[in-house]
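Chemist: Take this structure first; my questions come after.
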Amino acid sequence: MKISKIDTKIVDLPLSRPFKMSGVEITVSENVFARVETDNGLVGWGEASSSPAMTGETVESMVAAIEYLAPFMVGRDPAAFQENLAEMDWRLYGNASAKTVLEMAFYDLAGKAAQKPVSELLGGTKRTQVPIVHMLATGDIEIDVAEAAGYAKAGVTNMKIKVGGKPVAQDIERTIAIRQAVNDSVQLSADCNQGWSREEAVTFAKAASASLDFLEQPVMGHDVEGMAQIAAVSSCAIAADEGLHSVGDVHKHHDLGAAEGGSIKMIKLGGLTRAYEGTVLFEKLGMKVNLAGKTAESSVSSAAVLQIAAAAPSIEWGVSPTTPFLKSDVVENPIRVIKGRADVPSGPGLGVEVNEDALAEFVR
Amino acid sequence: MKIKKIEAMAVDLPLKRPIKMAGVEISTSENVFARIETDDGHVGWGEASAAPSMTGETVESMVAAVNFLAPFMEGRDPADFEENLKEMNWRMYGNASAKTIVEMALYDIAGKAQQKSIAEILGGVRRTEVPVLYMLATGDIDVDVAEATERAQAGVTTMKIKVGGKPVEQDIERTIAIRKAVNGGVQLSADCNQGWSRDEALTYVRAASDSLDFLEQPVMGHDVEGMAIVAAASACPIGADEGLHSFDDIRKHLESGAAKGGSLKMIKLGGLTRAFQAAELFDELGMHVNLAGKVAESSVSSAAVLQIAAAAPSLEWGVSVTSQYLKQDIAKEGHCIDVVNGQVSVPTGAGLGIEVDESALAGMTRKV
């Protein structure tokens, strides 16, 4: 089986409600899809959201990168995962999101050809259902508290508060109130997306960390020393997200006491293989794993997140597929989050069927 | 003074002769320029070549990145270098080449406004003329030997052989022959651009490293351990290039014995400030500095390389000016960077110290 054709599409997927990212309100998610064909007639799909602040990639750069790599990948075996990564890395430095889009389609193809879900190709299915982190992101204390109480009753076990967008004092108040509204069996975390100065983060950690199970990326990703300072005053664990772009970053955070775990995303590490290897390394170092997509990806990319989650040695900090933030999906059998849990698709490959007509509607 | 307008343009600059890069022959250099205007009428220029295998950036991604950053940079003071870098890094991860283009234009403007050369802004002029590496890149032993002999007689003091494109045995033979042809007064290096396996690199250094003053990037940039293994077997120091993307990388190469020096490029480190700071760090760590542009940039980017070279604390492994590989430059007459007998003068005018010929540039601009 050989790769015969690689097509890319820029797709604007409408969000179910507007989202603030790095101070800018967005109403659509700008994603790139790849459709990869093989000489024996199989079709595989890959997808990633553009994430300039996290990976530096725009939809334009992702398309340019995939088109740049395509001629080197045509003719290769999609299932030769390590060799394909080595080829892509040699041809093109960085561009982790673009490489993720391609590798996802290769895994989808390899799974379809082998009649196995991607989790089987990654190292075996360790679980068929995973806990999903529910996002408390309105920034409004009363709405967040009501939502948290309602979801806790419905059986949701993992929730994450978005902080860093308002004055720290308000984030502290909201965090404490939400913890009071849910009982201790809910794993409660807060994600700051590198929004605070070291001082702000220390203020928050001193006042509110006792209400949390973990606090994610309080300061800039490159400020590993700052992360360690906050970890030293925090009574909950600190998690890294934007700071983790490589295996080296994982070791550095671990060695400096900057994080006890973190968020593993394909677009940061450069694909499914690297993300799965990230979960194995976390386990080895005794670090806690959250597996996440980028806001907001369709069921194509969310299926890939779930496949990795199914194969990961452990996932103590839950899974964050981002499809729930989209108004409409592009597959026949979307990923469903029910009472804070999602089933891992069991069909071959990613386990989702792309509806090409639905996708075409959103192509730019 | 505030930034008013940022324009990015994709430009194909024809090369004097085709060059093989990562196994592909190229006849034009795909570059991106930025033209930045301020509210008080100053215009500054920035430029970088696309280097997919080095920085991951294509012309399309560089144009997209400059356009993405533009609205956040408009209204800011161009001379606020650290704050501007911070803003760009917060808005957008990576994209070191695109950020280099923007920062170069901002330095050009700041220099013009203060009537100072960029070298003066960076930390002062330590030298007004710098030695330029002559590239022996034909891959043909007879041609390279003849060129090396002729250039050595003309006074060129530092030369670099491109290796890694042919069987190792041929590279060994060529390296030894070139050293015999030039005298010991020439600083001779070889650059493999991460083209060898560890085994090939070991074969080469065992046979040819005593003919060299240094050997650059024999194995993949991320294979720091492999670099250290090669360094342990080599009679000459090892230089790093593709492996250096940050200050951490520099320390890691030194601490693990992987390199005693290396090539500093703006497009790897993300601009003039970071490249100059890296030169200072090299000096502090006792590492040898080569300052280089990417093949092939016009006199705009080459002037920036020279400004950093003029201000760098030390510069033991020379400067690589790539505008000499272009068939046509885009600087106005009398403003082109000219390499004469292996030396080049640092432009002394304000900012980058060169004037761009906008009509020449427009003729080579393409739509992306």
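Identifiers in this document derive from the order of the structure tokens: chains are assigned A, B, ..., residues are numbered from 1 separately in each chain, and ligands are numbered from 1 in order of occurrence.
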Find the residues near Asp171 (chain B): any atom within 12 Å, counting only C-alpha atoms, skip ones fewer than 2 places away on the same chain, and give them as a tab-separated table (two decimals) with all heavy atoms, in the first residue's frame.

Modeler:
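File out27.tsv, as written:
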```
chain	number	residue	atom	x	y	z
B	136	LEU	N	33.49	26.59	-1.10
B	136	LEU	CA	33.94	25.67	-2.15
B	136	LEU	C	32.85	24.61	-2.29
B	136	LEU	O	32.80	23.66	-1.53
B	136	LEU	CB	35.27	25.04	-1.76
B	136	LEU	CG	36.41	26.04	-1.56
B	136	LEU	CD1	37.56	25.42	-0.79
B	136	LEU	CD2	36.89	26.59	-2.90
B	137	ALA	N	31.98	24.81	-3.27
B	137	ALA	CA	30.74	24.05	-3.28
B	137	ALA	C	30.45	23.33	-4.59
B	137	ALA	O	29.35	22.85	-4.81
B	137	ALA	CB	29.57	24.97	-2.95
B	138	THR	N	31.44	23.24	-5.48
B	138	THR	CA	31.12	22.59	-6.75
B	138	THR	C	31.04	21.08	-6.60
B	138	THR	O	30.42	20.40	-7.41
B	138	THR	CB	32.19	22.89	-7.83
B	138	THR	OG1	33.42	22.24	-7.45
B	138	THR	CG2	32.42	24.39	-7.97
B	139	GLY	N	31.69	20.53	-5.55
B	139	GLY	CA	31.68	19.08	-5.37
B	139	GLY	C	32.69	18.39	-6.27
B	139	GLY	O	32.92	17.18	-6.15
B	140	ASP	N	33.33	19.15	-7.14
B	140	ASP	CA	34.31	18.58	-8.07
B	140	ASP	C	35.71	18.87	-7.54
B	140	ASP	O	36.07	20.03	-7.28
B	140	ASP	CB	34.12	19.21	-9.46
B	140	ASP	CG	35.08	18.63	-10.48
B	140	ASP	OD1	36.29	18.96	-10.43
B	140	ASP	OD2	34.62	17.85	-11.32
B	141	ILE	N	36.50	17.82	-7.37
B	141	ILE	CA	37.80	17.99	-6.71
B	141	ILE	C	38.72	18.94	-7.47
B	141	ILE	O	39.33	19.83	-6.87
B	141	ILE	CB	38.46	16.60	-6.45
B	141	ILE	CG1	39.77	16.75	-5.66
B	141	ILE	CG2	38.70	15.82	-7.74
B	141	ILE	CD1	40.25	15.44	-5.05
B	144	ASP	N	37.32	22.59	-7.26
B	144	ASP	CA	37.46	23.13	-5.91
B	144	ASP	C	38.93	23.44	-5.57
B	144	ASP	O	39.23	24.48	-4.98
B	144	ASP	CB	36.90	22.15	-4.86
B	144	ASP	CG	35.38	22.27	-4.70
B	144	ASP	OD1	34.77	23.08	-5.43
B	144	ASP	OD2	34.82	21.58	-3.84
B	161	ILE	N	34.34	24.08	2.75
B	161	ILE	CA	34.02	23.08	1.73
B	161	ILE	C	32.63	22.52	2.03
B	161	ILE	O	32.35	22.15	3.17
B	161	ILE	CB	35.02	21.91	1.78
B	161	ILE	CG1	36.46	22.42	1.84
B	161	ILE	CG2	34.81	20.96	0.61
B	161	ILE	CD1	37.48	21.33	2.19
B	162	LYS	N	31.77	22.45	1.01
B	162	LYS	CA	30.47	21.79	1.20
B	162	LYS	C	30.68	20.28	1.02
B	162	LYS	O	31.13	19.84	-0.03
B	162	LYS	CB	29.45	22.30	0.18
B	162	LYS	CG	28.89	23.66	0.53
B	162	LYS	CD	27.73	23.58	1.53
B	162	LYS	CE	27.35	24.97	2.02
B	162	LYS	NZ	26.42	24.96	3.17
B	163	VAL	N	30.34	19.52	2.04
B	163	VAL	CA	30.48	18.06	1.96
B	163	VAL	C	29.13	17.41	2.25
B	163	VAL	O	28.16	18.08	2.60
B	163	VAL	CB	31.54	17.54	2.96
B	163	VAL	CG1	32.94	18.03	2.58
B	163	VAL	CG2	31.20	17.94	4.40
B	164	GLY	N	29.06	16.11	2.08
B	164	GLY	CA	27.84	15.38	2.42
B	164	GLY	C	26.95	15.06	1.24
B	164	GLY	O	25.99	14.31	1.37
B	165	GLY	N	27.27	15.60	0.07
B	165	GLY	CA	26.42	15.36	-1.09
B	165	GLY	C	26.89	14.20	-1.95
B	165	GLY	O	26.19	13.75	-2.84
B	166	LYS	N	28.11	13.73	-1.70
B	166	LYS	CA	28.72	12.64	-2.49
B	166	LYS	C	29.17	11.55	-1.52
B	166	LYS	O	29.15	11.75	-0.31
B	166	LYS	CB	29.94	13.19	-3.23
B	166	LYS	CG	29.64	14.44	-4.05
B	166	LYS	CD	30.29	14.34	-5.40
B	166	LYS	CE	29.63	15.30	-6.36
B	166	LYS	NZ	30.14	15.16	-7.71
B	167	PRO	N	29.62	10.42	-2.04
B	167	PRO	CA	30.15	9.39	-1.13
B	167	PRO	C	31.25	9.97	-0.24
B	167	PRO	O	32.03	10.82	-0.69
B	167	PRO	CB	30.71	8.34	-2.08
B	167	PRO	CG	29.92	8.50	-3.33
B	167	PRO	CD	29.62	9.96	-3.44
B	168	VAL	N	31.31	9.51	1.01
B	168	VAL	CA	32.25	10.05	1.99
B	168	VAL	C	33.69	9.98	1.49
B	168	VAL	O	34.47	10.91	1.71
B	168	VAL	CB	32.13	9.29	3.34
B	168	VAL	CG1	33.17	9.77	4.33
B	168	VAL	CG2	30.75	9.47	3.93
B	169	GLU	N	34.05	8.88	0.80
B	169	GLU	CA	35.44	8.71	0.33
B	169	GLU	C	35.84	9.90	-0.56
B	169	GLU	O	36.96	10.39	-0.48
B	169	GLU	CB	35.60	7.41	-0.46
B	169	GLU	CG	35.46	6.15	0.38
B	169	GLU	CD	34.04	5.91	0.90
B	169	GLU	OE1	33.07	6.33	0.21
B	169	GLU	OE2	33.88	5.36	2.01
B	173	GLU	N	38.83	12.67	0.12
B	173	GLU	CA	39.88	12.94	-0.86
B	173	GLU	C	39.92	14.43	-1.22
B	173	GLU	O	40.99	15.06	-1.26
B	173	GLU	CB	39.58	12.10	-2.12
B	173	GLU	CG	40.71	11.99	-3.09
B	173	GLU	CD	40.24	11.42	-4.44
B	173	GLU	OE1	39.07	10.97	-4.53
B	173	GLU	OE2	41.02	11.44	-5.40
B	174	ARG	N	38.73	14.99	-1.43
B	174	ARG	CA	38.64	16.41	-1.81
B	174	ARG	C	39.15	17.31	-0.68
B	174	ARG	O	39.89	18.27	-0.92
B	174	ARG	CB	37.18	16.73	-2.16
B	174	ARG	CG	36.96	18.05	-2.87
B	174	ARG	CD	35.65	18.04	-3.66
B	174	ARG	NE	34.54	17.59	-2.81
B	174	ARG	CZ	33.68	18.41	-2.20
B	174	ARG	NH1	33.77	19.71	-2.41
B	174	ARG	NH2	32.73	17.94	-1.45
B	175	THR	N	38.77	16.99	0.55
B	175	THR	CA	39.18	17.80	1.70
B	175	THR	C	40.70	17.82	1.83
B	175	THR	O	41.32	18.89	2.00
B	175	THR	CB	38.54	17.24	2.99
B	175	THR	OG1	37.12	17.23	2.84
B	175	THR	CG2	38.93	18.07	4.20
B	176	ILE	N	41.31	16.63	1.75
B	176	ILE	CA	42.78	16.54	1.89
B	176	ILE	C	43.47	17.30	0.77
B	176	ILE	O	44.45	18.03	0.99
B	176	ILE	CB	43.21	15.05	1.95
B	176	ILE	CG1	42.64	14.41	3.23
B	176	ILE	CG2	44.73	14.92	1.90
B	176	ILE	CD1	42.79	12.90	3.31
B	177	ALA	N	42.93	17.16	-0.44
B	177	ALA	CA	43.54	17.83	-1.60
B	177	ALA	C	43.45	19.35	-1.48
B	177	ALA	O	44.39	20.07	-1.82
B	177	ALA	CB	42.86	17.36	-2.89
B	178	ILE	N	42.32	19.84	-0.98
B	178	ILE	CA	42.15	21.30	-0.85
B	178	ILE	C	43.12	21.83	0.22
B	178	ILE	O	43.76	22.87	0.02
B	178	ILE	CB	40.69	21.67	-0.52
B	178	ILE	CG1	39.78	21.35	-1.72
B	178	ILE	CG2	40.58	23.16	-0.17
B	178	ILE	CD1	38.29	21.44	-1.46
B	190	ALA	N	34.73	22.50	6.81
B	190	ALA	CA	33.82	21.75	5.94
B	190	ALA	C	32.44	21.78	6.58
B	190	ALA	O	32.31	21.71	7.80
B	190	ALA	CB	34.29	20.30	5.78
B	191	ASP	N	31.41	21.89	5.73
B	191	ASP	CA	30.03	21.96	6.24
B	191	ASP	C	29.22	20.84	5.60
B	191	ASP	O	29.13	20.75	4.38
B	191	ASP	CB	29.42	23.32	5.88
B	191	ASP	CG	28.06	23.52	6.53
B	191	ASP	OD1	27.56	22.60	7.21
B	191	ASP	OD2	27.49	24.61	6.36
B	192	CYS	N	28.67	19.99	6.44
B	192	CYS	CA	27.94	18.83	5.95
B	192	CYS	C	26.42	19.05	5.95
B	192	CYS	O	25.67	18.26	5.39
B	192	CYS	CB	28.29	17.62	6.82
B	192	CYS	SG	27.47	16.13	6.31
B	195	GLY	N	24.16	16.06	6.75
B	195	GLY	CA	23.97	15.09	5.67
B	195	GLY	C	24.45	13.68	5.96
B	195	GLY	O	24.17	12.77	5.18
B	196	TRP	N	25.18	13.46	7.04
B	196	TRP	CA	25.75	12.14	7.29
B	196	TRP	C	25.06	11.38	8.41
B	196	TRP	O	24.51	11.99	9.34
B	196	TRP	CB	27.24	12.25	7.67
B	196	TRP	CG	28.15	12.58	6.53
B	196	TRP	CD1	28.05	12.18	5.23
B	196	TRP	CD2	29.34	13.39	6.60
B	196	TRP	NE1	29.10	12.68	4.48
B	196	TRP	CE2	29.90	13.42	5.30
B	196	TRP	CE3	29.99	14.08	7.62
B	196	TRP	CZ2	31.08	14.12	5.01
B	196	TRP	CZ3	31.16	14.78	7.34
B	196	TRP	CH2	31.69	14.79	6.04
B	200	GLU	N	29.03	7.52	8.93
B	200	GLU	CA	29.69	8.24	7.84
B	200	GLU	C	30.54	9.38	8.40
B	200	GLU	O	31.67	9.60	7.96
B	200	GLU	CB	28.64	8.81	6.88
B	200	GLU	CG	27.95	7.74	6.03
B	200	GLU	CD	26.75	8.29	5.25
B	200	GLU	OE1	25.99	9.12	5.81
B	200	GLU	OE2	26.56	7.88	4.10
B	201	ALA	N	29.98	10.09	9.39
B	201	ALA	CA	30.71	11.21	9.98
B	201	ALA	C	32.00	10.73	10.65
B	201	ALA	O	33.05	11.36	10.54
B	201	ALA	CB	29.83	11.94	11.00
B	203	THR	N	33.74	8.02	9.86
B	203	THR	CA	34.67	7.66	8.77
B	203	THR	C	35.39	8.91	8.27
B	203	THR	O	36.61	8.93	8.09
B	203	THR	CB	33.90	7.01	7.60
B	203	THR	OG1	33.17	5.90	8.11
B	203	THR	CG2	34.85	6.55	6.50
B	204	TYR	N	34.60	9.98	8.07
B	204	TYR	CA	35.17	11.21	7.54
B	204	TYR	C	36.18	11.83	8.51
B	204	TYR	O	37.29	12.16	8.12
B	204	TYR	CB	34.04	12.21	7.23
B	204	TYR	CG	34.55	13.54	6.72
B	204	TYR	CD1	34.79	13.73	5.36
B	204	TYR	CD2	34.81	14.60	7.59
B	204	TYR	CE1	35.27	14.95	4.89
B	204	TYR	CE2	35.29	15.81	7.14
B	204	TYR	CZ	35.52	15.98	5.78
B	204	TYR	OH	36.00	17.19	5.32
B	205	VAL	N	35.78	11.97	9.79
B	205	VAL	CA	36.68	12.69	10.71
B	205	VAL	C	37.97	11.91	10.96
B	205	VAL	O	39.04	12.50	11.12
B	205	VAL	CB	36.01	13.07	12.06
B	205	VAL	CG1	34.88	14.04	11.84
B	205	VAL	CG2	35.57	11.87	12.85
B	207	ALA	N	39.59	10.24	8.86
B	207	ALA	CA	40.49	10.37	7.70
B	207	ALA	C	40.85	11.80	7.36
B	207	ALA	O	41.93	12.07	6.85
B	207	ALA	CB	39.84	9.70	6.49
B	208	ALA	N	39.92	12.75	7.63
B	208	ALA	CA	40.13	14.09	7.06
B	208	ALA	C	40.12	15.24	8.06
B	208	ALA	O	40.44	16.37	7.70
B	208	ALA	CB	39.05	14.36	5.99
B	209	SER	N	39.78	14.97	9.33
B	209	SER	CA	39.60	16.11	10.24
B	209	SER	C	40.90	16.84	10.52
B	209	SER	O	40.88	18.03	10.86
B	209	SER	CB	38.92	15.67	11.54
B	209	SER	OG	39.72	14.74	12.23
B	211	SER	N	42.89	17.81	8.41
B	211	SER	CA	43.08	18.79	7.34
B	211	SER	C	42.22	20.03	7.55
B	211	SER	O	42.28	20.97	6.75
B	211	SER	CB	42.70	18.18	5.98
B	211	SER	OG	43.61	17.16	5.62
```

Chemist: Give me the residues within 6 Å of region 278-289 of chain B as a compact mmCIF listing (two decimals) with C-alpha atoms, in the first residue's frame, counting only C-alpha atoms and dropping any in the same chain fewer than 6 places off.

Modeler:
```
# COMPACT_ATOMS: atom_id res chain seq x y z
CA LYS B 260 33.11 24.13 20.39
CA GLY B 261 31.49 26.75 18.24
CA GLY B 262 28.93 27.21 15.58
CA ALA B 312 30.09 40.89 18.19
CA LEU B 315 34.34 36.36 15.44
CA GLU B 316 36.85 33.55 15.11
CA TRP B 317 35.13 31.52 12.40
```

Chemist: Between CA of Ala207 (chain A) and CA of Gln180 (chain A), what is the distance in Å, rounded to a tenth?

Modeler: 14.4 Å

Chemist: Considering only C-alpha atoms, can you say which of B:Ser234, B:Ala181, B:Cys336, B:Val300 comes closest to Ala146 (chain B)?

Modeler: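 Answer, going by the shortest atom-to-atom distance: B:Ala181.
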
Chemist: Starting from chain A, keep only residues with some atom at most 7 Å from an atom of chain B, counting only C-alpha atoms, and report them as a ChimeraX atom specification.

Modeler: /A:52-56,60-61,64,90-95

Chemist: Filtering to all heavy atoms, could you give me those residues as an mmCIF file, in the first residue's frame?

Modeler:
```cif
data_model
loop_
_atom_site.group_PDB
_atom_site.id
_atom_site.type_symbol
_atom_site.label_atom_id
_atom_site.label_comp_id
_atom_site.auth_asym_id
_atom_site.auth_seq_id
_atom_site.Cartn_x
_atom_site.Cartn_y
_atom_site.Cartn_z
ATOM 1 N N PRO A 52 -1.626 29.854 16.319
ATOM 2 C CA PRO A 52 -0.417 30.686 16.202
ATOM 3 C C PRO A 52 0.324 30.887 17.523
ATOM 4 O O PRO A 52 1.552 30.788 17.549
ATOM 5 C CB PRO A 52 -0.968 32.012 15.663
ATOM 6 C CG PRO A 52 -2.230 31.647 14.954
ATOM 7 C CD PRO A 52 -2.815 30.491 15.726
ATOM 8 N N ALA A 53 -0.421 31.124 18.608
ATOM 9 C CA ALA A 53 0.269 31.411 19.873
ATOM 10 C C ALA A 53 0.934 30.165 20.449
ATOM 11 O O ALA A 53 1.910 30.258 21.171
ATOM 12 C CB ALA A 53 -0.726 31.968 20.898
ATOM 13 N N MET A 54 0.405 28.982 20.116
ATOM 14 C CA MET A 54 0.952 27.748 20.689
ATOM 15 C C MET A 54 2.000 27.090 19.801
ATOM 16 O O MET A 54 3.038 26.663 20.264
ATOM 17 C CB MET A 54 -0.177 26.767 20.976
ATOM 18 C CG MET A 54 0.292 25.457 21.563
ATOM 19 S SD MET A 54 -1.074 24.439 22.137
ATOM 20 C CE MET A 54 -1.356 25.078 23.774
ATOM 21 N N THR A 55 1.718 26.974 18.503
ATOM 22 C CA THR A 55 2.670 26.282 17.621
ATOM 23 C C THR A 55 3.260 27.212 16.569
ATOM 24 O O THR A 55 4.159 26.818 15.832
ATOM 25 C CB THR A 55 2.009 25.101 16.873
ATOM 26 O OG1 THR A 55 1.167 25.625 15.828
ATOM 27 C CG2 THR A 55 1.189 24.236 17.811
ATOM 28 N N GLY A 56 2.723 28.438 16.462
ATOM 29 C CA GLY A 56 3.240 29.368 15.469
ATOM 30 C C GLY A 56 2.672 29.160 14.080
ATOM 31 O O GLY A 56 3.077 29.832 13.135
ATOM 32 N N GLU A 60 -2.664 29.202 6.657
ATOM 33 C CA GLU A 60 -1.873 29.350 5.421
ATOM 34 C C GLU A 60 -0.554 28.590 5.529
ATOM 35 O O GLU A 60 -0.125 27.933 4.594
ATOM 36 C CB GLU A 60 -1.581 30.832 5.139
ATOM 37 C CG GLU A 60 -2.789 31.668 4.746
ATOM 38 C CD GLU A 60 -3.539 32.244 5.949
ATOM 39 O OE1 GLU A 60 -3.147 31.953 7.110
ATOM 40 O OE2 GLU A 60 -4.520 32.969 5.733
ATOM 41 N N SER A 61 0.095 28.687 6.674
ATOM 42 C CA SER A 61 1.393 28.010 6.795
ATOM 43 C C SER A 61 1.202 26.496 6.847
ATOM 44 O O SER A 61 2.031 25.745 6.342
ATOM 45 C CB SER A 61 2.157 28.506 8.026
ATOM 46 O OG SER A 61 1.709 27.894 9.213
ATOM 47 N N ALA A 64 0.677 25.378 3.316
ATOM 48 C CA ALA A 64 1.958 25.468 2.604
ATOM 49 C C ALA A 64 2.876 24.325 3.030
ATOM 50 O O ALA A 64 3.561 23.724 2.197
ATOM 51 C CB ALA A 64 2.624 26.819 2.875
ATOM 52 N N TRP A 90 13.171 15.604 8.400
ATOM 53 C CA TRP A 90 14.365 15.960 7.650
ATOM 54 C C TRP A 90 14.045 17.021 6.598
ATOM 55 O O TRP A 90 14.813 17.938 6.354
ATOM 56 C CB TRP A 90 14.948 14.701 6.987
ATOM 57 C CG TRP A 90 16.196 14.972 6.226
ATOM 58 C CD1 TRP A 90 17.403 15.325 6.751
ATOM 59 C CD2 TRP A 90 16.362 14.936 4.801
ATOM 60 N NE1 TRP A 90 18.311 15.508 5.732
ATOM 61 C CE2 TRP A 90 17.703 15.276 4.531
ATOM 62 C CE3 TRP A 90 15.522 14.639 3.731
ATOM 63 C CZ2 TRP A 90 18.214 15.335 3.234
ATOM 64 C CZ3 TRP A 90 16.032 14.701 2.445
ATOM 65 C CH2 TRP A 90 17.359 15.040 2.203
ATOM 66 N N ARG A 91 12.877 16.885 5.989
ATOM 67 C CA ARG A 91 12.504 17.814 4.917
ATOM 68 C C ARG A 91 12.104 19.177 5.444
ATOM 69 O O ARG A 91 12.292 20.191 4.792
ATOM 70 C CB ARG A 91 11.311 17.243 4.123
ATOM 71 C CG ARG A 91 11.615 15.986 3.356
ATOM 72 C CD ARG A 91 12.549 16.273 2.219
ATOM 73 N NE ARG A 91 12.921 15.039 1.537
ATOM 74 C CZ ARG A 91 13.790 15.013 0.525
ATOM 75 N NH1 ARG A 91 14.363 16.115 0.102
ATOM 76 N NH2 ARG A 91 14.101 13.871 -0.046
ATOM 77 N N LEU A 92 11.462 19.175 6.618
ATOM 78 C CA LEU A 92 10.864 20.411 7.111
ATOM 79 C C LEU A 92 10.979 20.456 8.626
ATOM 80 O O LEU A 92 10.431 19.601 9.314
ATOM 81 C CB LEU A 92 9.390 20.456 6.674
ATOM 82 C CG LEU A 92 8.589 21.724 6.940
ATOM 83 C CD1 LEU A 92 9.149 22.893 6.142
ATOM 84 C CD2 LEU A 92 7.127 21.526 6.564
ATOM 85 N N TYR A 93 11.678 21.470 9.111
ATOM 86 C CA TYR A 93 11.823 21.650 10.555
ATOM 87 C C TYR A 93 10.484 22.122 11.122
ATOM 88 O O TYR A 93 9.728 22.825 10.467
ATOM 89 C CB TYR A 93 12.915 22.696 10.791
ATOM 90 C CG TYR A 93 13.204 22.994 12.238
ATOM 91 C CD1 TYR A 93 14.064 22.176 12.959
ATOM 92 C CD2 TYR A 93 12.633 24.081 12.871
ATOM 93 C CE1 TYR A 93 14.339 22.448 14.288
ATOM 94 C CE2 TYR A 93 12.906 24.356 14.198
ATOM 95 C CZ TYR A 93 13.762 23.536 14.897
ATOM 96 O OH TYR A 93 14.035 23.815 16.211
ATOM 97 N N GLY A 94 10.176 21.759 12.348
ATOM 98 C CA GLY A 94 8.987 22.287 13.023
ATOM 99 C C GLY A 94 7.678 21.909 12.344
ATOM 100 O O GLY A 94 7.524 20.801 11.845
ATOM 101 N N ASN A 95 6.730 22.864 12.303
ATOM 102 C CA ASN A 95 5.429 22.634 11.664
ATOM 103 C C ASN A 95 4.721 21.417 12.247
ATOM 104 O O ASN A 95 4.195 20.564 11.517
ATOM 105 C CB ASN A 95 5.592 22.481 10.143
ATOM 106 C CG ASN A 95 5.985 23.781 9.469
ATOM 107 O OD1 ASN A 95 5.143 24.631 9.235
ATOM 108 N ND2 ASN A 95 7.270 23.958 9.204
#
```

Chemist: Could you tell me, as a count of residues only, which residues of region 121-352 of chain B DSSP assigns to strand (DSSP E) when given the backbone?

Modeler: 37

Chemist: What gap, in Å, lies between CA of Met227 (chain A) and CA of Ala258 (chain A)?

Modeler: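 If I compute the distance from CA of Met227 (chain A) to CA of Ala258 (chain A), I get 4.9 Å.
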
Chemist: What's the 12 Å shell around region 291-293 of chain A, counting only C-alpha atoms, without same-chain residues fewer than 5 positions away, as a ChimeraX atom specification?

Modeler: /A:47-51,97,100,130-134,240-242,261-269,271-272,275-276,278-279,282,298-325
